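Here is upload_36.pdb, consisting of PDB, C-alpha atoms:
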```
ATOM      1  CA  MET M   8       6.624  65.932   6.218
ATOM      2  CA  GLU M   9       7.481  62.955   8.435
ATOM      3  CA  ASN M  10       4.645  60.950   6.881
ATOM      4  CA  GLU M  11       6.408  61.103   3.511
ATOM      5  CA  ILE M  12       9.326  59.013   4.781
ATOM      6  CA  LYS M  13       8.567  55.301   4.724
ATOM      7  CA  PRO M  14      10.973  53.060   6.619
ATOM      8  CA  ASN M  15      12.431  50.024   4.852
ATOM      9  CA  LYS M  16      12.410  48.211   8.206
ATOM     10  CA  VAL M  17      10.302  48.686  11.328
ATOM     11  CA  VAL M  18      11.545  47.253  14.609
ATOM     12  CA  ASP M  19       8.691  46.915  17.096
ATOM     13  CA  ALA M  20      10.429  46.860  20.485
ATOM     14  CA  ARG M  21       7.421  48.098  22.476
ATOM     15  CA  GLY M  22       7.333  46.522  25.923
ATOM     16  CA  SER M  23      11.092  45.872  25.847
ATOM     17  CA  PHE M  24      13.386  47.755  28.233
ATOM     18  CA  CYS M  25      16.825  49.259  27.654
ATOM     19  CA  PRO M  26      19.011  48.144  26.170
ATOM     20  CA  GLY M  27      16.543  45.918  24.278
ATOM     21  CA  PRO M  28      15.189  48.476  21.774
ATOM     22  CA  LEU M  29      18.703  49.743  21.010
ATOM     23  CA  MET M  30      20.012  46.196  20.505
ATOM     24  CA  GLU M  31      17.111  45.465  18.133
ATOM     25  CA  MET M  32      17.875  48.650  16.192
ATOM     26  CA  ILE M  33      21.556  47.728  15.877
ATOM     27  CA  LYS M  34      20.589  44.259  14.646
ATOM     28  CA  ALA M  35      18.317  45.787  11.989
ATOM     29  CA  TYR M  36      21.098  48.236  11.076
ATOM     30  CA  LYS M  37      23.542  45.367  10.463
ATOM     31  CA  GLU M  38      21.043  43.675   8.133
ATOM     32  CA  ALA M  39      20.134  46.899   6.288
ATOM     33  CA  LYS M  40      21.665  48.297   3.123
ATOM     34  CA  VAL M  41      23.182  51.778   2.862
ATOM     35  CA  GLY M  42      20.339  54.215   2.242
ATOM     36  CA  ASP M  43      17.761  52.154   4.142
ATOM     37  CA  VAL M  44      15.545  53.875   6.692
ATOM     38  CA  ILE M  45      14.941  52.035   9.975
ATOM     39  CA  SER M  46      12.232  52.897  12.506
ATOM     40  CA  VAL M  47      12.230  51.616  16.071
ATOM     41  CA  TYR M  48       9.037  51.637  18.140
ATOM     42  CA  SER M  49       9.762  51.781  21.857
ATOM     43  CA  THR M  50       7.812  52.332  25.053
ATOM     44  CA  ASP M  51      11.041  52.830  27.041
ATOM     45  CA  SER M  52      11.799  56.553  27.375
ATOM     46  CA  GLY M  53      15.526  55.765  27.702
ATOM     47  CA  THR M  54      15.535  54.838  24.023
ATOM     48  CA  LYS M  55      14.938  58.517  23.186
ATOM     49  CA  LYS M  56      18.441  59.260  24.544
ATOM     50  CA  ASP M  57      20.282  56.003  23.812
ATOM     51  CA  ALA M  58      19.260  55.498  20.178
ATOM     52  CA  PRO M  59      20.195  59.004  18.931
ATOM     53  CA  ALA M  60      23.517  58.777  20.814
ATOM     54  CA  TRP M  61      24.337  55.496  19.067
ATOM     55  CA  ILE M  62      23.138  56.793  15.672
ATOM     56  CA  ASN M  63      25.399  59.857  15.967
ATOM     57  CA  LYS M  64      28.347  57.842  17.297
ATOM     58  CA  SER M  65      28.042  55.332  14.450
ATOM     59  CA  GLY M  66      28.025  58.128  11.857
ATOM     60  CA  ASN M  67      24.499  57.514  10.636
ATOM     61  CA  GLU M  68      21.643  59.987  10.225
ATOM     62  CA  LEU M  69      18.942  60.600  12.815
ATOM     63  CA  ILE M  70      15.795  61.471  10.887
ATOM     64  CA  GLY M  71      13.687  62.123  13.943
ATOM     65  CA  ILE M  72      12.176  61.147  17.266
ATOM     66  CA  PHE M  73       8.402  61.169  17.192
ATOM     67  CA  ASP M  74       5.941  60.873  20.072
ATOM     68  CA  ARG M  75       3.242  58.462  18.962
ATOM     69  CA  THR M  76       0.185  57.354  20.906
ATOM     70  CA  GLY M  77       1.637  55.236  23.710
ATOM     71  CA  TYR M  78       5.155  54.859  22.272
ATOM     72  CA  TYR M  79       8.091  56.624  20.643
ATOM     73  CA  GLU M  80       9.324  56.178  17.093
ATOM     74  CA  ILE M  81      13.008  56.746  16.425
ATOM     75  CA  MET M  82      13.809  56.914  12.719
ATOM     76  CA  MET M  83      17.313  56.630  11.287
ATOM     77  CA  LYS M  84      18.956  56.352   7.898
ATOM     78  CA  LYS M  85      21.902  54.010   7.342
ATOM     79  CA  VAL M  86      24.582  56.068   5.618
ATOM     80  CA  LYS M  87      27.536  53.677   6.011
TER      81      LYS M  87
END
```
What is this structure when it is put down as structure tokens?
Amino acid sequence: MENEIKPNKVVDARGSFCPGPLMEMIKAYKEAKVGDVISVYSTDSGTKKDAPAWINKSGNELIGIFDRTGYYEIMMKKVK
């Protein structure tokens, strides 16, 4: 099912350490339109906790956290 969702924006923050990936995601969020899907690629395991916490706190939708080969993908939908 996850392959059916195509992000409008992909933020490749691999090799960046917290809070880098989260900051990049927030920047993409600010530029996105309501309804857009944003994916963040991160090699920092802290992003798996920090990004969902921010997504929930900001009132947006966490689509999923996926383990990819050598990195994590955190996918969110901008709802406001």
Check: So, counting all atoms listed in the file, which residue among M:Lys34, M:Glu11, M:Lys85, M:Ala39 is closest to Asn63 in chain M?
Finding: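 Comparing M:Lys34, M:Glu11, M:Lys85, M:Ala39 against Asn63 in chain M, the winner is M:Lys85.
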Next item on the list: Compile the contact shell of Val86 in chain M as a PyMOL selection string: residues with an atom at most 6 Å away, counting only C-alpha atoms, same-chain residues fewer than 5 positions apart removed.
Entry: chain M and resi 41-42+67
Checklist line | Given all atoms listed in the file as the counted atoms, nearest of M:Thr54, M:Tyr78, M:Met83, M:Ile62 to Arg21 in chain M | finding: M:Tyr78
Checklist line | Sphere at (7.9, 51.1, 8.6), radius 9 Å, counting only C-alpha atoms: residues as an MDAnalysis selection string | finding: chainID M and resid 12:18 44:47
Next item on the list: Considering all atoms listed in the file, return as an MDAnalysis selection string whatever protein or nucleic-acid residues lie within 8 Å of Ser23 in chain M, sequence-local ones (same chain, fewer than 6 positions apart) excluded.
Entry: chainID M and resid 49:51
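Pairwise distance (CA of Ile33 in chain M, CA of Thr76 in chain M) equals 24.0 Å.
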Checklist line | Å distance separating CA of Asp74 in chain M from CA of Glu38 in chain M, one decimal place | finding: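 Separation of CA of Asp74 in chain M and CA of Glu38 in chain M: 25.8 Å.
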Axis-aligned box for all listed atoms of range 20-26 of chain M, 4 Å per side, centre and edges in Å to one decimal, as AutoDock Vina command-line options:
```
--center_x 13.2 --center_y 47.6 --center_z 24.4 --size_x 19.7 --size_y 11.4 --size_z 15.7
```
Notebook entry, point to check: Any idea what the distance is between CA of Leu29 in chain M and CA of Asp43 in chain M?
Noted result: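 Going from CA of Leu29 in chain M over to CA of Asp43 in chain M covers 17.1 Å.
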Next item on the list: Find the residue from M:Lys87, M:Pro28, M:Arg75, M:Ile81 that sits nearest to Pro59 in chain M; use all atoms listed in the file when measuring.
Entry: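 Once distances to Pro59 in chain M are computed over all atoms listed in the file, the minimum belongs to M:Ile81.
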Note to self: Can you spell out as an NGL selection string the set of residues that the PyMOL selection byres ((chain M and resi 70-72) around 8) selects in the structure I just provided?
What the structure shows: :M and (55 or 68-69 or 73-74 or 79-84)
Notebook entry, point to check: Smallest atom-to-atom distance to Gly53 in chain M: which of M:Ala35, M:Pro26, M:Gly77, M:Lys40, using only C-alpha atoms?
Noted result: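 The shortest atom-to-atom distance to Gly53 in chain M comes from M:Pro26.
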Item checked: Of the listed residues M:Ser65, M:Met32, M:Phe24, M:Asp19, that which approaches Ser52 in chain M most closely, counting all atoms listed in the file -> M:Phe24
